[in-house]
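Source file: input.cif; contents: mmCIF, C-alpha atoms.
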data_protein
loop_
_atom_site.label_atom_id
_atom_site.label_comp_id
_atom_site.auth_asym_id
_atom_site.auth_seq_id
_atom_site.Cartn_x
_atom_site.Cartn_y
_atom_site.Cartn_z
CA MET A 1 93.89 124.99 71.15
CA GLN A 2 96.31 126.67 68.76
CA GLU A 3 97.85 128.44 71.74
CA LEU A 4 98.59 125.05 73.31
CA ILE A 5 100.12 123.78 70.06
CA ASN A 6 102.27 126.89 69.92
CA LEU A 7 103.42 126.34 73.49
CA TYR A 8 104.34 122.74 72.74
CA GLU A 9 106.26 123.89 69.66
CA GLN A 10 108.23 126.31 71.83
CA MET A 11 109.26 123.30 73.93
CA GLY A 12 110.32 121.42 70.81
CA ILE A 13 107.26 119.23 70.14
CA SER A 14 106.14 119.50 66.52
CA GLN A 15 102.50 119.76 65.51
CA LYS A 16 102.83 116.41 63.76
CA VAL A 17 103.91 114.65 66.97
CA TYR A 18 101.19 116.46 68.94
CA GLU A 19 98.48 115.39 66.48
CA TYR A 20 99.73 111.79 66.54
CA GLY A 21 99.32 111.84 70.30
CA GLU A 22 95.85 113.37 70.14
CA ALA A 23 94.68 110.66 67.72
CA ALA A 24 95.78 108.00 70.20
CA LEU A 25 94.09 109.81 73.10
CA LYS A 26 90.68 109.72 71.44
CA LYS A 27 90.60 105.94 71.91
CA LEU A 28 91.53 105.98 75.59
CA ALA A 29 88.56 107.67 77.27
CA ASP A 30 87.11 104.45 78.69
CA ARG A 31 90.51 103.23 79.93
CA PHE A 32 91.17 106.53 81.67
CA ALA A 33 87.71 106.54 83.25
CA GLN A 34 88.41 103.14 84.81
CA VAL A 35 91.73 104.41 86.19
CA ASP A 36 89.88 107.33 87.75
CA LYS A 37 87.36 105.03 89.44
CA ILE A 38 90.16 103.03 91.07
CA ALA A 39 91.78 106.28 92.20
CA GLU A 40 88.49 107.43 93.73
CA TYR A 41 88.20 104.19 95.72
CA ASN A 42 91.79 104.36 96.94
CA GLN A 43 91.42 108.03 97.84
CA ALA A 44 88.44 107.15 100.00
CA LYS A 45 90.42 104.33 101.60
CA VAL A 46 93.30 106.64 102.56
CA LEU A 47 90.97 109.40 103.76
CA SER A 48 89.02 106.93 105.89
CA ALA A 49 92.22 105.66 107.53
CA MET A 50 93.36 109.19 108.31
CA GLN A 51 90.02 110.10 109.85
CA LYS A 52 89.84 106.87 111.83
CA ASN A 53 93.25 107.57 113.34
CA ARG A 54 92.37 111.19 114.12
CA VAL A 55 95.21 112.81 112.19
CA SER A 56 95.65 116.33 113.55
CA ALA A 57 98.08 119.23 113.33
CA ALA A 58 99.85 117.76 116.35
CA CYS A 59 100.96 114.87 114.13
CA PHE A 60 103.07 117.26 112.05
CA ALA A 61 105.38 118.36 114.87
CA ALA A 62 109.08 117.74 114.29
CA THR A 63 111.12 115.48 116.55
CA THR A 64 114.88 115.08 116.80
CA GLY A 65 117.37 112.89 118.62
CA TYR A 66 115.93 109.60 119.78
CA GLY A 67 112.40 110.53 118.75
CA TYR A 68 110.79 109.02 121.82
CA ASP A 69 106.99 109.43 122.02
CA ASP A 70 106.75 110.68 118.42
CA VAL A 71 102.97 111.00 118.06
CA GLY A 72 103.00 111.82 114.35
CA ARG A 73 105.37 108.99 113.41
CA ASP A 74 103.45 106.37 115.38
CA ASN A 75 100.10 107.54 114.03
CA LEU A 76 101.34 107.52 110.43
CA GLU A 77 102.27 103.88 110.91
CA ARG A 78 98.75 103.13 112.12
CA VAL A 79 97.37 104.89 109.02
CA TYR A 80 99.54 102.74 106.74
CA ALA A 81 98.53 99.56 108.60
CA ASP A 82 94.84 100.44 108.14
CA VAL A 83 95.21 101.23 104.43
CA PHE A 84 97.13 97.99 103.78
CA HIS A 85 94.90 96.01 106.18
CA THR A 86 97.83 94.70 108.21
CA GLU A 87 98.50 94.29 111.92
CA ALA A 88 101.40 96.72 111.95
CA ALA A 89 103.56 99.01 109.83
CA LEU A 90 107.04 100.50 109.88
CA VAL A 91 107.19 103.83 107.96
CA ARG A 92 110.46 105.68 108.45
CA PRO A 93 112.63 108.32 106.80
CA GLN A 94 115.58 106.29 108.11
CA ILE A 95 114.78 103.75 105.37
CA THR A 96 116.77 105.23 102.51
CA CYS A 97 115.22 103.51 99.48
CA GLY A 98 113.21 100.51 98.32
CA THR A 99 116.25 98.23 98.27
CA HIS A 100 116.99 99.23 101.87
CA ALA A 101 113.40 98.46 102.92
CA LEU A 102 113.61 95.03 101.29
CA THR A 103 117.00 94.40 102.91
CA VAL A 104 115.62 95.23 106.35
CA ALA A 105 112.63 92.93 105.82
CA LEU A 106 114.76 90.03 104.59
CA SER A 107 117.61 90.29 107.08
CA ALA A 108 115.18 90.69 109.99
CA ASN A 109 113.22 87.56 109.16
CA LEU A 110 115.92 85.20 107.89
CA LEU A 111 118.42 83.49 110.17
CA PRO A 112 121.63 81.56 109.41
CA GLY A 113 120.70 78.21 107.89
CA ASP A 114 117.45 79.51 106.39
CA GLU A 115 116.79 79.51 102.68
CA LEU A 116 115.22 82.32 100.66
CA LEU A 117 113.15 81.34 97.63
CA SER A 118 112.16 83.48 94.68
CA PRO A 119 109.42 81.72 92.68
CA VAL A 120 109.33 84.49 90.06
CA GLY A 121 112.83 84.24 88.65
CA LEU A 122 115.81 86.51 89.15
CA PRO A 123 115.14 89.48 91.47
CA TYR A 124 115.78 93.11 90.54
CA ASP A 125 119.43 94.02 89.96
CA THR A 126 120.08 95.83 93.25
CA LEU A 127 118.62 92.98 95.32
CA GLN A 128 121.03 90.48 93.77
CA GLU A 129 123.93 91.82 95.85
CA VAL A 130 121.74 91.93 98.95
CA ILE A 131 121.03 88.22 98.55
CA GLY A 132 124.55 87.34 97.43
CA ILE A 133 123.71 86.18 93.91
CA ARG A 134 126.42 88.66 93.00
CA PRO A 135 128.96 88.63 95.84
CA SER A 136 128.93 91.66 98.12
CA PRO A 137 130.07 92.43 101.68
CA CYS A 138 127.27 91.93 104.23
CA SER A 139 125.05 89.97 101.83
CA LEU A 140 122.62 87.40 103.18
CA ALA A 141 124.90 84.71 101.79
CA GLU A 142 127.74 85.93 104.02
CA TYR A 143 125.48 85.39 107.04
CA GLY A 144 124.63 81.83 106.07
CA VAL A 145 121.32 82.33 104.26
CA SER A 146 121.07 80.23 101.11
CA TYR A 147 119.06 81.16 98.03
CA ARG A 148 117.04 79.29 95.47
CA GLN A 149 114.91 80.49 92.57
CA VAL A 150 112.36 79.06 90.19
CA ASP A 151 112.18 80.75 86.82
CA LEU A 152 108.91 81.67 85.20
CA LEU A 153 107.62 79.54 82.37
CA ALA A 154 108.06 80.72 78.79
CA ASP A 155 104.64 82.40 78.81
CA GLY A 156 105.46 84.36 81.97
CA SER A 157 103.32 82.19 84.26
CA PHE A 158 104.39 80.49 87.49
CA ASP A 159 106.10 77.10 87.37
CA TYR A 160 104.00 75.51 90.11
CA ASP A 161 105.66 72.11 89.82
CA GLY A 162 109.09 73.69 90.11
CA ILE A 163 107.98 75.79 93.09
CA ARG A 164 106.57 72.76 94.90
CA ASN A 165 109.86 70.92 94.41
CA ALA A 166 111.92 73.93 95.54
CA ILE A 167 110.14 74.43 98.87
CA ASN A 168 111.91 72.41 101.56
CA GLU A 169 112.52 72.29 105.30
CA LYS A 170 115.00 75.19 105.08
CA THR A 171 112.67 77.50 103.13
CA ASN A 172 111.72 80.17 105.65
CA LEU A 173 110.85 83.13 103.42
CA ILE A 174 109.53 83.49 99.88
CA THR A 175 110.03 86.80 98.06
CA ILE A 176 107.68 87.84 95.26
CA GLN A 177 108.59 90.81 93.09
CA ARG A 178 105.32 92.31 91.87
CA SER A 179 106.71 94.62 89.20
CA LYS A 180 108.89 93.61 86.29
CA GLY A 181 112.07 95.45 87.32
CA TYR A 182 114.57 95.51 84.46
CA ALA A 183 112.94 92.56 82.75
CA THR A 184 110.29 92.36 80.06
CA ARG A 185 108.09 89.85 81.84
CA PRO A 186 104.53 90.72 82.87
CA THR A 187 103.83 92.51 86.14
CA PHE A 188 101.71 90.29 88.39
CA SER A 189 98.20 91.27 89.37
CA VAL A 190 97.24 91.11 93.02
CA LYS A 191 94.94 88.22 92.12
CA GLN A 192 97.86 86.28 90.61
CA ILE A 193 100.01 87.04 93.64
CA GLY A 194 97.22 85.78 95.91
CA GLU A 195 97.04 82.52 93.97
CA LEU A 196 100.82 82.07 94.26
CA ILE A 197 100.75 82.84 97.99
CA ALA A 198 97.95 80.33 98.56
CA PHE A 199 99.91 77.67 96.67
CA CYS A 200 103.11 78.31 98.64
CA LYS A 201 101.24 78.30 101.97
CA SER A 202 99.55 74.99 101.05
CA ALA A 203 102.99 73.49 100.46
CA LYS A 204 104.41 74.95 103.71
CA PRO A 205 101.89 76.73 105.95
CA ASP A 206 104.44 78.44 108.20
CA VAL A 207 106.55 79.93 105.39
CA LEU A 208 106.73 83.74 105.35
CA ILE A 209 105.77 85.57 102.16
CA MET A 210 107.20 89.00 101.36
CA VAL A 211 106.00 91.01 98.36
CA ASP A 212 108.15 93.72 96.82
CA ASN A 213 105.27 96.13 96.17
CA CYS A 214 107.31 98.88 94.50
CA TYR A 215 105.46 100.67 91.67
CA GLY A 216 102.25 98.75 92.36
CA GLU A 217 100.63 100.62 95.25
CA PHE A 218 97.17 102.04 94.46
CA VAL A 219 97.09 100.74 90.88
CA GLU A 220 94.40 98.27 92.00
CA THR A 221 91.80 98.49 94.75
CA ILE A 222 93.51 95.73 96.74
CA GLU A 223 97.12 95.14 97.77
CA PRO A 224 99.12 91.92 98.25
CA SER A 225 98.53 92.20 102.00
CA ASP A 226 94.84 91.62 101.25
CA VAL A 227 95.60 88.22 99.71
CA GLY A 228 97.87 86.64 102.31
CA ALA A 229 101.27 88.35 102.16
CA ASP A 230 103.01 88.47 105.55
CA MET A 231 104.89 91.62 104.49
CA VAL A 232 104.47 94.19 101.73
CA VAL A 233 107.44 96.48 101.19
CA GLY A 234 108.04 99.65 99.20
CA SER A 235 109.65 103.05 98.82
CA LEU A 236 108.16 106.43 99.68
CA ILE A 237 109.81 108.09 96.68
CA LYS A 238 107.68 105.84 94.52
CA ASN A 239 103.89 105.53 94.60
CA PRO A 240 102.93 105.98 98.28
CA GLY A 241 104.95 109.16 98.79
CA GLY A 242 102.81 110.99 96.25
CA GLY A 243 105.80 112.97 95.03
CA LEU A 244 106.10 114.88 98.32
CA ALA A 245 108.02 112.41 100.47
CA PRO A 246 111.73 113.32 100.16
CA ILE A 247 112.94 109.95 101.47
CA GLY A 248 111.69 106.85 103.26
CA GLY A 249 110.28 103.38 102.96
CA TYR A 250 107.55 101.23 104.46
CA ILE A 251 107.03 97.66 105.62
CA CYS A 252 103.46 96.62 106.39
CA GLY A 253 102.64 93.17 107.71
CA THR A 254 102.13 90.93 110.68
CA ALA A 255 103.01 92.34 114.08
CA GLU A 256 105.80 89.79 114.53
CA CYS A 257 107.43 90.45 111.15
CA VAL A 258 107.22 94.23 111.50
CA SER A 259 108.58 94.12 115.05
CA ARG A 260 111.61 92.18 113.87
CA CYS A 261 112.07 94.69 111.03
CA ALA A 262 112.07 97.54 113.55
CA TYR A 263 114.74 95.81 115.62
CA ARG A 264 116.85 95.32 112.51
CA LEU A 265 116.41 98.93 111.36
CA SER A 266 117.35 100.43 114.74
CA ALA A 267 118.78 97.95 117.27
CA PRO A 268 117.70 94.95 119.34
CA GLY A 269 115.80 96.22 122.35
CA LEU A 270 114.98 99.57 120.72
CA GLY A 271 112.78 98.72 117.74
CA GLN A 272 110.03 101.22 116.89
CA GLU A 273 110.58 103.31 120.03
CA VAL A 274 113.34 105.37 118.39
CA GLY A 275 113.66 107.24 115.12
CA ALA A 276 113.04 110.98 114.94
CA ASN A 277 110.85 112.28 112.11
CA LEU A 278 113.11 115.33 111.51
CA GLY A 279 110.18 117.52 110.47
CA LEU A 280 109.12 115.32 107.55
CA MET A 281 105.67 114.39 108.83
CA PRO A 282 103.68 116.96 106.76
CA ALA A 283 105.25 115.68 103.54
CA LEU A 284 104.77 112.01 104.46
CA TYR A 285 101.12 112.46 105.45
CA GLN A 286 100.19 114.74 102.57
CA GLY A 287 102.12 112.65 100.04
CA PHE A 288 100.25 109.53 101.14
CA PHE A 289 96.97 111.44 100.91
CA LEU A 290 97.72 112.53 97.33
CA ALA A 291 99.18 109.19 96.24
CA PRO A 292 96.03 107.64 94.70
CA THR A 293 95.55 110.61 92.38
CA VAL A 294 99.25 110.89 91.52
CA VAL A 295 99.42 107.15 90.77
CA ALA A 296 96.38 107.46 88.49
CA GLY A 297 98.10 110.18 86.47
CA ALA A 298 101.25 108.08 86.15
CA GLU A 299 99.23 105.06 85.05
CA LYS A 300 97.52 107.12 82.36
CA GLY A 301 100.94 108.20 81.14
CA ALA A 302 102.05 104.57 80.89
CA ILE A 303 98.91 103.62 78.94
CA PHE A 304 99.44 106.59 76.62
CA ALA A 305 103.08 105.58 76.03
CA ALA A 306 102.12 102.06 74.96
CA ASN A 307 99.45 103.38 72.63
CA LEU A 308 101.94 105.71 70.95
CA TYR A 309 104.90 103.34 70.59
CA GLU A 310 103.24 100.01 69.83
CA PRO A 311 101.66 101.15 66.52
CA LEU A 312 105.14 102.25 65.44
CA GLY A 313 106.41 98.66 65.72
CA PHE A 314 108.01 98.71 69.17
CA ARG A 315 107.19 95.90 71.58
CA CYS A 316 105.59 97.26 74.72
CA VAL A 317 105.20 95.44 78.05
CA PRO A 318 102.37 95.56 78.91
CA ASN A 319 100.96 96.07 75.46
CA ALA A 320 98.55 98.82 74.50
CA GLN A 321 95.42 96.87 75.43
CA GLU A 322 96.46 94.80 78.46
CA SER A 323 95.27 95.50 81.99
CA ARG A 324 97.89 97.20 84.17
CA HIS A 325 99.19 96.29 87.61
CA ASP A 326 101.97 98.85 88.08
CA ILE A 327 102.96 102.25 86.71
CA ILE A 328 105.92 101.06 84.61
CA GLN A 329 105.83 100.94 80.83
CA ALA A 330 108.63 99.00 79.16
CA VAL A 331 109.35 99.85 75.52
CA GLU A 332 111.85 97.72 73.62
CA LEU A 333 113.72 100.22 71.44
CA GLY A 334 116.22 97.79 69.92
CA SER A 335 119.36 99.90 70.27
CA GLU A 336 121.41 102.01 72.63
CA GLU A 337 120.75 104.97 70.35
CA GLY A 338 117.02 104.52 70.79
CA MET A 339 117.34 104.41 74.58
CA ILE A 340 119.44 107.57 74.61
CA ALA A 341 117.00 109.44 72.34
CA PHE A 342 113.98 108.39 74.41
CA CYS A 343 115.64 109.41 77.67
CA LYS A 344 116.77 112.73 76.18
CA GLY A 345 113.12 113.49 75.50
CA ILE A 346 112.04 112.65 79.05
CA GLN A 347 114.85 114.77 80.49
CA ALA A 348 113.99 117.68 78.20
CA ALA A 349 110.40 117.57 79.49
CA ALA A 350 111.48 117.80 83.14
CA PRO A 351 110.85 120.83 85.37
CA VAL A 352 114.30 120.36 86.94
CA ASP A 353 117.57 119.92 84.98
CA SER A 354 115.73 119.96 81.64
CA PHE A 355 118.98 121.20 80.04
CA ALA A 356 120.95 118.09 81.07
CA THR A 357 121.75 115.25 78.66
CA PRO A 358 121.34 111.74 80.13
CA LEU A 359 124.08 109.28 79.21
CA PRO A 360 124.77 105.66 80.22
CA TRP A 361 127.02 105.27 83.28
CA GLU A 362 128.33 102.72 85.76
CA MET A 363 125.71 102.96 88.49
CA PRO A 364 126.27 101.37 91.93
CA GLY A 365 124.36 98.11 92.36
CA TYR A 366 124.06 97.32 88.65
CA ASN A 367 126.04 94.96 86.45
CA ASP A 368 125.48 96.89 83.20
CA LYS A 369 125.70 100.56 82.35
CA VAL A 370 122.40 102.28 83.11
CA ILE A 371 120.86 105.36 81.56
CA MET A 372 118.52 107.43 83.70
CA ALA A 373 116.43 110.47 82.84
CA ALA A 374 114.88 112.16 85.86
CA GLY A 375 114.57 115.88 86.28
CA ALA A 376 112.87 115.51 89.63
CA PHE A 377 112.19 117.67 92.67
CA VAL A 378 113.25 114.66 94.78
CA GLN A 379 116.44 113.01 93.55
CA GLY A 380 115.73 109.59 92.05
CA SER A 381 111.98 109.83 92.66
CA SER A 382 110.39 107.47 90.17
CA ILE A 383 106.85 108.60 90.88
CA GLU A 384 108.01 111.77 89.15
CA LEU A 385 108.49 111.72 85.37
CA SER A 386 111.43 109.43 84.67
CA ALA A 387 112.80 106.79 82.35
CA ASP A 388 115.71 104.44 82.74
CA GLY A 389 117.13 101.08 81.76
CA PRO A 390 120.27 98.95 81.54
CA ILE A 391 122.22 99.10 78.30
CA ARG A 392 121.72 95.50 77.26
CA PRO A 393 119.46 93.62 74.80
CA PRO A 394 116.59 94.04 74.09
CA TYR A 395 117.47 97.67 74.89
CA ALA A 396 114.25 98.30 76.76
CA VAL A 397 113.58 101.62 78.41
CA TYR A 398 111.34 101.71 81.47
CA PHE A 399 109.12 104.77 81.62
CA GLN A 400 107.22 105.69 84.75
CA GLY A 401 105.80 108.51 86.80
CA GLY A 402 104.60 112.03 86.29
CA LEU A 403 103.15 113.97 89.20
CA THR A 404 100.28 114.95 86.89
CA TRP A 405 98.81 113.25 83.85
CA ASP A 406 99.50 116.35 81.75
CA HIS A 407 103.20 116.23 82.60
CA ALA A 408 103.37 112.50 81.82
CA LYS A 409 101.75 113.26 78.45
CA THR A 410 104.30 116.00 77.71
CA GLY A 411 107.16 113.66 78.55
CA ILE A 412 105.97 110.94 76.21
CA LEU A 413 105.44 113.41 73.38
CA MET A 414 108.92 114.79 73.94
CA SER A 415 110.43 111.29 73.89
CA LEU A 416 108.69 110.62 70.60
CA GLN A 417 109.97 113.91 69.20
CA GLN A 418 113.55 113.00 70.09
CA MET A 419 113.13 109.62 68.37
CA VAL A 420 111.91 111.47 65.26
CA ASN A 421 114.78 113.96 65.46
CA ALA A 422 117.29 111.09 65.68
CA GLY A 423 115.84 109.50 62.55
CA LEU A 424 114.78 106.38 64.47
CA ILE A 425 111.07 106.65 63.62
CA ASP A 426 109.02 108.28 60.89
CA LEU A 427 105.49 109.47 61.54
#

Before we go any further, please render this structure as structure tokens.
Amino acid sequence: MQELINLYEQMGISQKVYEYGEAALKKLADRFAQVDKIAEYNQAKVLSAMQKNRVSAACFAATTGYGYDDVGRDNLERVYADVFHTEAALVRPQITCGTHALTVALSANLLPGDELLSPVGLPYDTLQEVIGIRPSPCSLAEYGVSYRQVDLLADGSFDYDGIRNAINEKTNLITIQRSKGYATRPTFSVKQIGELIAFCKSAKPDVLIMVDNCYGEFVETIEPSDVGADMVVGSLIKNPGGGLAPIGGYICGTAECVSRCAYRLSAPGLGQEVGANLGLMPALYQGFFLAPTVVAGAEKGAIFAANLYEPLGFRCVPNAQESRHDIIQAVELGSEEGMIAFCKGIQAAAPVDSFATPLPWEMPGYNDKVIMAAGAFVQGSSIELSADGPIRPPYAVYFQGGLTWDHAKTGILMSLQQMVNAGLIDL
């Protein structure tokens, strides 16, 4: 054990910070055991889908050009559809990020004159320009799609009366953001999402429901597609890529919705028939296979973070005891200096670019300066150890990821050490 303490000290983590972390860990055995049980179930679910669809070495062959008759690509989409219990899936490296996947899903299933409704308040920053809340070329608003939102109630619950009043004859699609984004509201459980979907469908049975599933995959044993969502959408450089996918996104849902998404991603008349895999199939299959275990490690890191920072007086969302429904841990640090110190610790704990110093900058798609710490093997991969946040009150940093629990632990300890070094906390 002393050898481990010495190694941590070489990386800059003092024995005092290490011992503070170990004291918190002693209380988390039962929480961690429950996380492991969920991971075991989800691992079995993924394995079963891969066996059912007879994944073989032939599925790993690279394709180029048009990608016609891409066996591996088409089979991977069947695997995703089985895991998410949907009729169809679109899983492509041509989808560049989560925002792109959401844009494809929205623009494919909304027509001029339709209205998009968010019953969970303001969407994530990057989606605001997609919708046209903040003006942008090629936004949905430019193509004649209107937007309406219903804010959450003060306690973070759904305003069912407001939602009922907002749904009208033009409402064609309802978007539900599962995770908190850059807000300090609760992340919704799949059960809560199912209740909201049922309510919206009772008000208008033919309305489409899309769930932004980013950061939530495999945290529970069920997904929003199990409780009535017509589409669930996410990024492969988050949870389902398992840290191996170098790019990509997915859309799982009804055959009609997914077919329209494929036409929007490629071209009318082409749809899912084109799109070469460019040799990425081994990473996409293996990343998905590893995802339940990787997500479990990241979730443990988030739980650990809350249990270290909350006793020091920092508000954590979710708090140290609450059940979790995504891998993100928000910590309100109260100042720009606190955010910078925290992110310096996460960056210093990275395997890549550990020597870099993260600073706030004007990032495309955001209205405020954003600080990001991510020394990742895949650029911007937030299933890897990372922390980020907009420089605005309440100066909350959003910690997530860690390809292993041990690395997530190291990152949190390093963030705490940097806060101590900056004189912002006293252990």

Measure the distance from CA of Thr86 in chain A to CA of Asn109 in chain A in Å and round it to one decimal. 17.0 Å

Taking only C-alpha atoms into account, produce a table as JSON lines in which each residue of range 265-366 of chain A with an atom at most 10 Å from an atom of range 402-410 of chain A appears once, together with its shortest atom pair and the distance in Å to one decimal, ordered by chain and rising number.
{"residue": "A:Leu290", "atom": "CA", "partner": "A:Leu403", "partner_atom": "CA", "distance": 9.9}
{"residue": "A:Ala291", "atom": "CA", "partner": "A:Leu403", "partner_atom": "CA", "distance": 9.4}
{"residue": "A:Thr293", "atom": "CA", "partner": "A:Thr404", "partner_atom": "CA", "distance": 8.4}
{"residue": "A:Val294", "atom": "CA", "partner": "A:Leu403", "partner_atom": "CA", "distance": 5.5}
{"residue": "A:Val295", "atom": "CA", "partner": "A:Leu403", "partner_atom": "CA", "distance": 7.9}
{"residue": "A:Ala296", "atom": "CA", "partner": "A:Trp405", "partner_atom": "CA", "distance": 7.8}
{"residue": "A:Gly297", "atom": "CA", "partner": "A:Trp405", "partner_atom": "CA", "distance": 4.1}
{"residue": "A:Ala298", "atom": "CA", "partner": "A:Gly402", "partner_atom": "CA", "distance": 5.2}
{"residue": "A:Glu299", "atom": "CA", "partner": "A:Trp405", "partner_atom": "CA", "distance": 8.3}
{"residue": "A:Lys300", "atom": "CA", "partner": "A:Trp405", "partner_atom": "CA", "distance": 6.4}
{"residue": "A:Gly301", "atom": "CA", "partner": "A:Ala408", "partner_atom": "CA", "distance": 5.0}
{"residue": "A:Ala302", "atom": "CA", "partner": "A:Ala408", "partner_atom": "CA", "distance": 8.1}
{"residue": "A:Phe304", "atom": "CA", "partner": "A:Lys409", "partner_atom": "CA", "distance": 7.3}
{"residue": "A:Ala305", "atom": "CA", "partner": "A:Lys409", "partner_atom": "CA", "distance": 8.2}
{"residue": "A:Ile327", "atom": "CA", "partner": "A:Gly402", "partner_atom": "CA", "distance": 9.9}
{"residue": "A:Gly345", "atom": "CA", "partner": "A:Thr410", "partner_atom": "CA", "distance": 9.4}
{"residue": "A:Ile346", "atom": "CA", "partner": "A:Thr410", "partner_atom": "CA", "distance": 8.5}
{"residue": "A:Ala348", "atom": "CA", "partner": "A:Thr410", "partner_atom": "CA", "distance": 9.8}
{"residue": "A:Ala349", "atom": "CA", "partner": "A:Thr410", "partner_atom": "CA", "distance": 6.5}
{"residue": "A:Ala350", "atom": "CA", "partner": "A:His407", "partner_atom": "CA", "distance": 8.4}
{"residue": "A:Pro351", "atom": "CA", "partner": "A:His407", "partner_atom": "CA", "distance": 9.3}

Could those selected residues go to a file with C-alpha atoms, as a PDB file, in the coordinates of the input?
ATOM      1  CA  LEU A 290      97.720 112.530  97.330  1.00  0.00           C
ATOM      2  CA  ALA A 291      99.180 109.190  96.240  1.00  0.00           C
ATOM      3  CA  THR A 293      95.550 110.610  92.380  1.00  0.00           C
ATOM      4  CA  VAL A 294      99.250 110.890  91.520  1.00  0.00           C
ATOM      5  CA  VAL A 295      99.420 107.150  90.770  1.00  0.00           C
ATOM      6  CA  ALA A 296      96.380 107.460  88.490  1.00  0.00           C
ATOM      7  CA  GLY A 297      98.100 110.180  86.470  1.00  0.00           C
ATOM      8  CA  ALA A 298     101.250 108.080  86.150  1.00  0.00           C
ATOM      9  CA  GLU A 299      99.230 105.060  85.050  1.00  0.00           C
ATOM     10  CA  LYS A 300      97.520 107.120  82.360  1.00  0.00           C
ATOM     11  CA  GLY A 301     100.940 108.200  81.140  1.00  0.00           C
ATOM     12  CA  ALA A 302     102.050 104.570  80.890  1.00  0.00           C
ATOM     13  CA  PHE A 304      99.440 106.590  76.620  1.00  0.00           C
ATOM     14  CA  ALA A 305     103.080 105.580  76.030  1.00  0.00           C
ATOM     15  CA  ILE A 327     102.960 102.250  86.710  1.00  0.00           C
ATOM     16  CA  GLY A 345     113.120 113.490  75.500  1.00  0.00           C
ATOM     17  CA  ILE A 346     112.040 112.650  79.050  1.00  0.00           C
ATOM     18  CA  ALA A 348     113.990 117.680  78.200  1.00  0.00           C
ATOM     19  CA  ALA A 349     110.400 117.570  79.490  1.00  0.00           C
ATOM     20  CA  ALA A 350     111.480 117.800  83.140  1.00  0.00           C
ATOM     21  CA  PRO A 351     110.850 120.830  85.370  1.00  0.00           C
TER      22      PRO A 351
END

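Residue nearest Lys369 in chain A within the list A:Ser354, A:Ser136, A:Ile131, A:Asp125: A:Asp125 [criterion: smallest interatomic distance, only C-alpha atoms].
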
Which residue gives the smallest distance to Gln43 in chain A among A:Gly242, A:Pro137, A:Gly216, A:Gly338, with only C-alpha atoms counted?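 Checking each candidate against Gln43 in chain A, we get A:Gly242 as the closest.
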
For the structure provided, state which residues fall under the PyMOL selection byres ((chain A and resi 234-238) around 10), and present them as a short mmCIF file (atom, residue, chain, number, x, y, z; two decimals) with C-alpha atoms, keeping the file's coordinate frame.
data_model
loop_
_atom_site.label_atom_id
_atom_site.label_comp_id
_atom_site.auth_asym_id
_atom_site.auth_seq_id
_atom_site.Cartn_x
_atom_site.Cartn_y
_atom_site.Cartn_z
CA VAL A 91 107.19 103.83 107.96
CA ARG A 92 110.46 105.68 108.45
CA PRO A 93 112.63 108.32 106.80
CA ILE A 95 114.78 103.75 105.37
CA THR A 96 116.77 105.23 102.51
CA CYS A 97 115.22 103.51 99.48
CA GLY A 98 113.21 100.51 98.32
CA THR A 99 116.25 98.23 98.27
CA HIS A 100 116.99 99.23 101.87
CA ALA A 101 113.40 98.46 102.92
CA LEU A 102 113.61 95.03 101.29
CA VAL A 211 106.00 91.01 98.36
CA ASP A 212 108.15 93.72 96.82
CA ASN A 213 105.27 96.13 96.17
CA CYS A 214 107.31 98.88 94.50
CA TYR A 215 105.46 100.67 91.67
CA GLY A 216 102.25 98.75 92.36
CA GLU A 217 100.63 100.62 95.25
CA VAL A 232 104.47 94.19 101.73
CA VAL A 233 107.44 96.48 101.19
CA ASN A 239 103.89 105.53 94.60
CA PRO A 240 102.93 105.98 98.28
CA GLY A 241 104.95 109.16 98.79
CA GLY A 242 102.81 110.99 96.25
CA GLY A 243 105.80 112.97 95.03
CA LEU A 244 106.10 114.88 98.32
CA ALA A 245 108.02 112.41 100.47
CA PRO A 246 111.73 113.32 100.16
CA ILE A 247 112.94 109.95 101.47
CA GLY A 248 111.69 106.85 103.26
CA GLY A 249 110.28 103.38 102.96
CA TYR A 250 107.55 101.23 104.46
CA ILE A 251 107.03 97.66 105.62
CA CYS A 252 103.46 96.62 106.39
CA LEU A 284 104.77 112.01 104.46
CA GLY A 287 102.12 112.65 100.04
CA PHE A 288 100.25 109.53 101.14
CA ALA A 291 99.18 109.19 96.24
CA VAL A 295 99.42 107.15 90.77
CA ILE A 327 102.96 102.25 86.71
CA VAL A 378 113.25 114.66 94.78
CA GLN A 379 116.44 113.01 93.55
CA GLY A 380 115.73 109.59 92.05
CA SER A 381 111.98 109.83 92.66
CA SER A 382 110.39 107.47 90.17
CA ILE A 383 106.85 108.60 90.88
CA GLU A 384 108.01 111.77 89.15
CA GLN A 400 107.22 105.69 84.75
CA GLY A 401 105.80 108.51 86.80
#

Take the PyMOL selection byres ((chain A and resi 80) around 10), run it mentally on this structure, and tell me the resulting residues as an MDAnalysis selection string. chainID A and resid 46 49:50 75:79 81:91 240 250:252 285 288

Go through the shown structure with the PyMOL selection byres ((chain A and resi 389-394) around 9) and write out the matching residues as number ranges by chain. A: 182, 184, 332-336, 339, 360, 366-372, 387-388, 395-399

Using all atoms listed in the file, determine which residues lie at most 12 Å from Asp159 in chain A, disregarding the query and same-chain residues fewer than 4 positions distant; provide the list as a ChimeraX atom specification. /A:118-121,149-155,163-166,196,199-200

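Between CA of Ile222 in chain A and CA of Thr254 in chain A the interatomic distance comes to 17.1 Å.
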